[in-house]
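Novice: Below is a structure I'd like to ask you about.
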Amino acid sequence: MEIRALRPRDLPELVELSRDCARGETDFVLNPLWESQEELEAEFARFGIPAEQHVLVADAGDGEVLGMVGFLRRPRASEAGMFCPIVKRGERGRGIGGELLRAAQQLAVEKLGIRVATAGIGTRNRAGYSLLGSHGFRPMSQAFLMRCDKAPLGSRPPSDDIRFEQARGDDADAILSLYHECGFETRSPERMNEVLRDGRHALGVARQGERIVAFVELETHWPRRPWVAYVGVERGLRDRGMGTAIVAWALRQRFEQGAEAGLLMLSPANRTALRAYEKAGFRRHRLIDVLGKTLS
C-alpha cells in the first residue's frame with residue numbers, strides 16, 4: 001500500500017467512500033460529504049484550489065483506493081478544514097486511517113503551508129474521534145447538521161407591507177450593512193459583490209418599501225443540496241417569524257428548480273435559531289464534534 005496524491009480516475013471511488021460513510025452515524029464525518037462526482041468537483045471549484053494538491057489516497061498497489069484524507073481552504077490560507085480519514089469497510093483495522101492522517105499533516109506543513117486544521121466528525125463515530133484525538137486534535141465545539149427534505153411551507157412575509165424578492169446587484173451595500181449588524185464574520189464590499197455575482201450563491205431579501213429589512217444567503221454550488229449560509233433580520237423585526245419565512249421562501253424556490261434537500265450547520269446553543277429552522281422544515285440530522293489542531 002502507498003499514500004499518494006489524488007488522480008482524476010480516483011474520483012468515482014472517493015464519492016462512493018463518502019456516500020458510504022454518510023449512511024451511518026457510527027461512520028459519519030462532516031467532510032467529505034459528496035453524493036456525486038459533480039459535488040466533489042464543485043467543492044474544490046468554489047474554493048479555487050486543485051483537488052490533486054489537497055487530497056491524498058491510500059492505494060492498494062493496483063490503483064484501488066482504500067481510503068482518503070485531505071483539506072479545504074482558500075488559496076494560500078494557513079487555516080483549513082480537513083477531510084477526515086475515511087477507509088473502506090473491509091480494510092479497517094489495518095492502520096490505514098493513521099497512515100493517512102500522518103501523511104496529511106506532513107503534506108499540510110511541508111507543502112501547503114497549513115498551520116491550523118479543523119475537522120468535523122459525528123459524535124457516535126468513536127473510532128474516528130479516537131484516531132483524531134491520538135494525533136493531538138482537541139474538541140473545540142459542537143454543531144447540528146440539519147436537513148430539510150421537502151419544500152417548506154409557510155413562506156409568506158409576516159406582514160403585508162413586506163415582500164420577498166431575489167436580491168439585485170445594487171443591493172450589495174444594504175445587505176452587507178445588515179450582515180455586519182447581525183455580527184457575522186468580517187466581509188469586504190468586494191466579497192459581497194462577488195457573492196452576488198459568482199453563480200454559486202442565491203440571495204433573497206425582504207423589502208419594506210425600498211428598505212431591506214432581512215436577507216437569506218444560500219450556497220448553491222451543490223444545486224441538489226443547497227446550504228443555508230446566513231440569515232439576517234433587522235433588530236426591530238426579530239422574533240416575528242421573519243427568519244423562518246424568508247428561509248422557507250428561498251428554499252421553496254430551490255426545490256422548485258430541482259433541489260432534493262437543504263442543509264445547514266447550527267450551534268446547539270442557538271435555541272432561537274434552532275426553533276426557527278425547525279419551523280421552516282429542518283430536522284436534526286447529525287450531531288457533530290468539531291476538533292482542531294495547530295500543526296507543526
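By order in the C-alpha cells, chains are A, B, ...; within a chain, residues start at 1; ligands start at 1, following the order shown.
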Where does region 133-192 of chain A meet region 109-129 of chain A within 10 Å, residue by residue, with the nearest atom pair and distance in Å to one decimal for each, counting only C-alpha atoms, listed by chain and rising number, as JSON lines?
Specialist:
{"residue": "A:Gly133", "atom": "CA", "partner": "A:Tyr129", "partner_atom": "CA", "distance": 6.1}
{"residue": "A:Ser134", "atom": "CA", "partner": "A:Tyr129", "partner_atom": "CA", "distance": 8.6}
{"residue": "A:Phe137", "atom": "CA", "partner": "A:Thr118", "partner_atom": "CA", "distance": 8.1}
{"residue": "A:Arg138", "atom": "CA", "partner": "A:Thr118", "partner_atom": "CA", "distance": 9.2}
{"residue": "A:Pro139", "atom": "CA", "partner": "A:Tyr129", "partner_atom": "CA", "distance": 9.4}
{"residue": "A:Met140", "atom": "CA", "partner": "A:Thr118", "partner_atom": "CA", "distance": 8.8}
{"residue": "A:Ser141", "atom": "CA", "partner": "A:Gly120", "partner_atom": "CA", "distance": 9.5}
{"residue": "A:Gln142", "atom": "CA", "partner": "A:Gly120", "partner_atom": "CA", "distance": 8.7}
{"residue": "A:Ala143", "atom": "CA", "partner": "A:Gly120", "partner_atom": "CA", "distance": 8.9}
{"residue": "A:Phe144", "atom": "CA", "partner": "A:Gly122", "partner_atom": "CA", "distance": 9.7}
{"residue": "A:Leu145", "atom": "CA", "partner": "A:Gly122", "partner_atom": "CA", "distance": 9.5}
Novice: Any chance you could export the current selection's C-alpha atoms as a compact mmCIF listing (two decimals), in the first residue's frame?
Specialist:
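Saved result, again27.txt, follows:
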# COMPACT_ATOMS: atom_id res chain seq x y z
CA GLY A 133 -7.50 12.52 19.50
CA SER A 134 -4.47 10.23 19.34
CA PHE A 137 -6.72 17.02 17.74
CA ARG A 138 -8.77 18.51 20.58
CA PRO A 139 -12.52 19.27 20.83
CA MET A 140 -13.48 22.87 20.07
CA SER A 141 -17.26 22.94 19.68
CA GLN A 142 -20.35 21.02 18.65
CA ALA A 143 -22.84 21.66 15.87
CA PHE A 144 -26.03 20.23 14.45
CA LEU A 145 -26.02 19.27 10.79
Novice: Please report, as a VMD selection string, each residue of region 10-59 of chain A to which DSSP assigns strand (DSSP E or B) when run on this structure's backbone.
Specialist: chain A and resid 29 55 to 59
Novice: For each of A:Ala269, A:Leu203, A:Leu178, A:Leu17, take the minimum atom-to-atom distance to Cys84 (chain A), counting only C-alpha atoms, then give the residue where this is smallest.
Specialist: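 Looking only at the distances to Cys84 (chain A), the closest residue turns out to be A:Leu17.
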Novice: What parts of region 132-268 of chain A does DSSP call helix (DSSP H, G or I)? I'd like the answer as a PyMOL selection string.
Specialist: chain A and resi 132-134+169-181+189-197+235-237+242-256
Novice: Ranking A:Glu2, A:Ile49, A:Gly292, A:Trp249 by minimum distance to Gly154 (chain A) and counting only C-alpha atoms, which one comes first?
Specialist: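 Among A:Glu2, A:Ile49, A:Gly292, A:Trp249, it is A:Trp249 that comes nearest to Gly154 (chain A).
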Novice: What lies within 7 Å of Gly243 (chain A) using only C-alpha atoms, ignoring chain neighbours under 3 positions off, as an MDAnalysis selection string?
Specialist: chainID A and resid 231 233 246:247 276
Novice: Please provide the set of residues having any atom within 8 Å of region 171-173 of chain A, restricted to only C-alpha atoms, with same-chain residues fewer than 3 positions apart removed, written as a list in words.
Specialist: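 Here the qualifying residues turn out to be Ala167, Arg168, Leu176, Ser177, Pro189, Met192, Asn193 and Leu196 of chain A.
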Novice: May I have the residues from that selection written out with C-alpha atoms, as a PDB file, in the first residue's frame?
Specialist:
ATOM      1  CA  ALA A 167     -31.500  40.268  -4.417  1.00  0.00           C
ATOM      2  CA  ARG A 168     -30.318  42.696  -7.094  1.00  0.00           C
ATOM      3  CA  LEU A 176     -23.616  43.998   3.805  1.00  0.00           C
ATOM      4  CA  SER A 177     -24.748  46.583   6.360  1.00  0.00           C
ATOM      5  CA  PRO A 189     -17.617  45.056  -0.045  1.00  0.00           C
ATOM      6  CA  MET A 192     -20.164  40.882  -1.003  1.00  0.00           C
ATOM      7  CA  ASN A 193     -20.328  41.847  -4.671  1.00  0.00           C
ATOM      8  CA  LEU A 196     -23.993  38.328  -5.543  1.00  0.00           C
TER       9      LEU A 196
END
Novice: How close does region 81-181 of chain A get to region 207-221 of chain A? List, as a tab-separated table, each residue of region 81-181 of chain A within 8 Å, its nearest atom pair and the distance in Å to one decimal, counting only C-alpha atoms.
Specialist:
residue	atom	partner	partner_atom	distance
A:Asp161	CA	A:Gln208	CA	5.9
A:Ile162	CA	A:Gln208	CA	4.6
A:Arg163	CA	A:Arg207	CA	5.4
A:Phe164	CA	A:Arg207	CA	6.4
A:Glu165	CA	A:Arg207	CA	7.6
A:Ala174	CA	A:Ile212	CA	6.6
A:Ile175	CA	A:Phe215	CA	6.9
A:Leu178	CA	A:Ala214	CA	7.5
Novice: Hey, which of A:Met265, A:Cys21, A:Cys182, A:Leu100 ends up closest to Met1 (chain A)? Count only C-alpha atoms.
Specialist: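 Smallest distance to Met1 (chain A) is found for A:Leu100.
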Novice: Looking at only C-alpha atoms, which of A:Ala245, A:Leu14, A:Ala60, A:Ala273 is the one that sits closest to Ile86 (chain A)?
Specialist: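 Closest to Ile86 (chain A), using only C-alpha atoms: A:Leu14.
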Novice: List as an MDAnalysis selection string the protein and nucleic acid residues near Phe44 (chain A), meaning an atom at most 10 Å away when only C-alpha atoms are counted, but skip any in the same chain fewer than 6 places from it.
Specialist: chainID A and resid 50:52 54 71:74 221
Novice: Write a file of the selected residues as a PDB file, in the first residue's frame, keeping N, CA and C atoms.
Specialist:
ATOM      1  N   PRO A  50      -6.852  23.249  -6.409  1.00  0.00           N
ATOM      2  CA  PRO A  50      -6.860  21.963  -7.116  1.00  0.00           C
ATOM      3  C   PRO A  50      -6.977  20.792  -6.145  1.00  0.00           C
ATOM      4  N   ALA A  51      -7.907  19.903  -6.409  1.00  0.00           N
ATOM      5  CA  ALA A  51      -8.085  18.742  -5.542  1.00  0.00           C
ATOM      6  C   ALA A  51      -6.829  17.881  -5.502  1.00  0.00           C
ATOM      7  N   GLU A  52      -6.124  17.781  -6.636  1.00  0.00           N
ATOM      8  CA  GLU A  52      -4.948  16.920  -6.705  1.00  0.00           C
ATOM      9  C   GLU A  52      -3.853  17.331  -5.734  1.00  0.00           C
ATOM     10  N   HIS A  54      -4.527  18.785  -2.737  1.00  0.00           N
ATOM     11  CA  HIS A  54      -5.068  18.849  -1.371  1.00  0.00           C
ATOM     12  C   HIS A  54      -5.661  17.535  -0.867  1.00  0.00           C
ATOM     13  N   PHE A  71      -7.778  18.362   2.530  1.00  0.00           N
ATOM     14  CA  PHE A  71      -8.017  19.677   3.116  1.00  0.00           C
ATOM     15  C   PHE A  71      -8.830  20.549   2.165  1.00  0.00           C
ATOM     16  N   LEU A  72      -9.595  21.468   2.762  1.00  0.00           N
ATOM     17  CA  LEU A  72     -10.273  22.546   2.049  1.00  0.00           C
ATOM     18  C   LEU A  72      -9.831  23.869   2.646  1.00  0.00           C
ATOM     19  N   ARG A  73      -9.527  24.830   1.790  1.00  0.00           N
ATOM     20  CA  ARG A  73      -9.128  26.156   2.285  1.00  0.00           C
ATOM     21  C   ARG A  73      -9.204  27.156   1.139  1.00  0.00           C
ATOM     22  N   ARG A  74      -9.161  28.419   1.479  1.00  0.00           N
ATOM     23  CA  ARG A  74      -8.985  29.448   0.472  1.00  0.00           C
ATOM     24  C   ARG A  74      -7.547  29.367  -0.035  1.00  0.00           C
ATOM     25  N   HIS A 221     -23.505  25.801  -4.809  1.00  0.00           N
ATOM     26  CA  HIS A 221     -22.520  25.066  -5.603  1.00  0.00           C
ATOM     27  C   HIS A 221     -22.925  23.600  -5.744  1.00  0.00           C
TER      28      HIS A 221
END
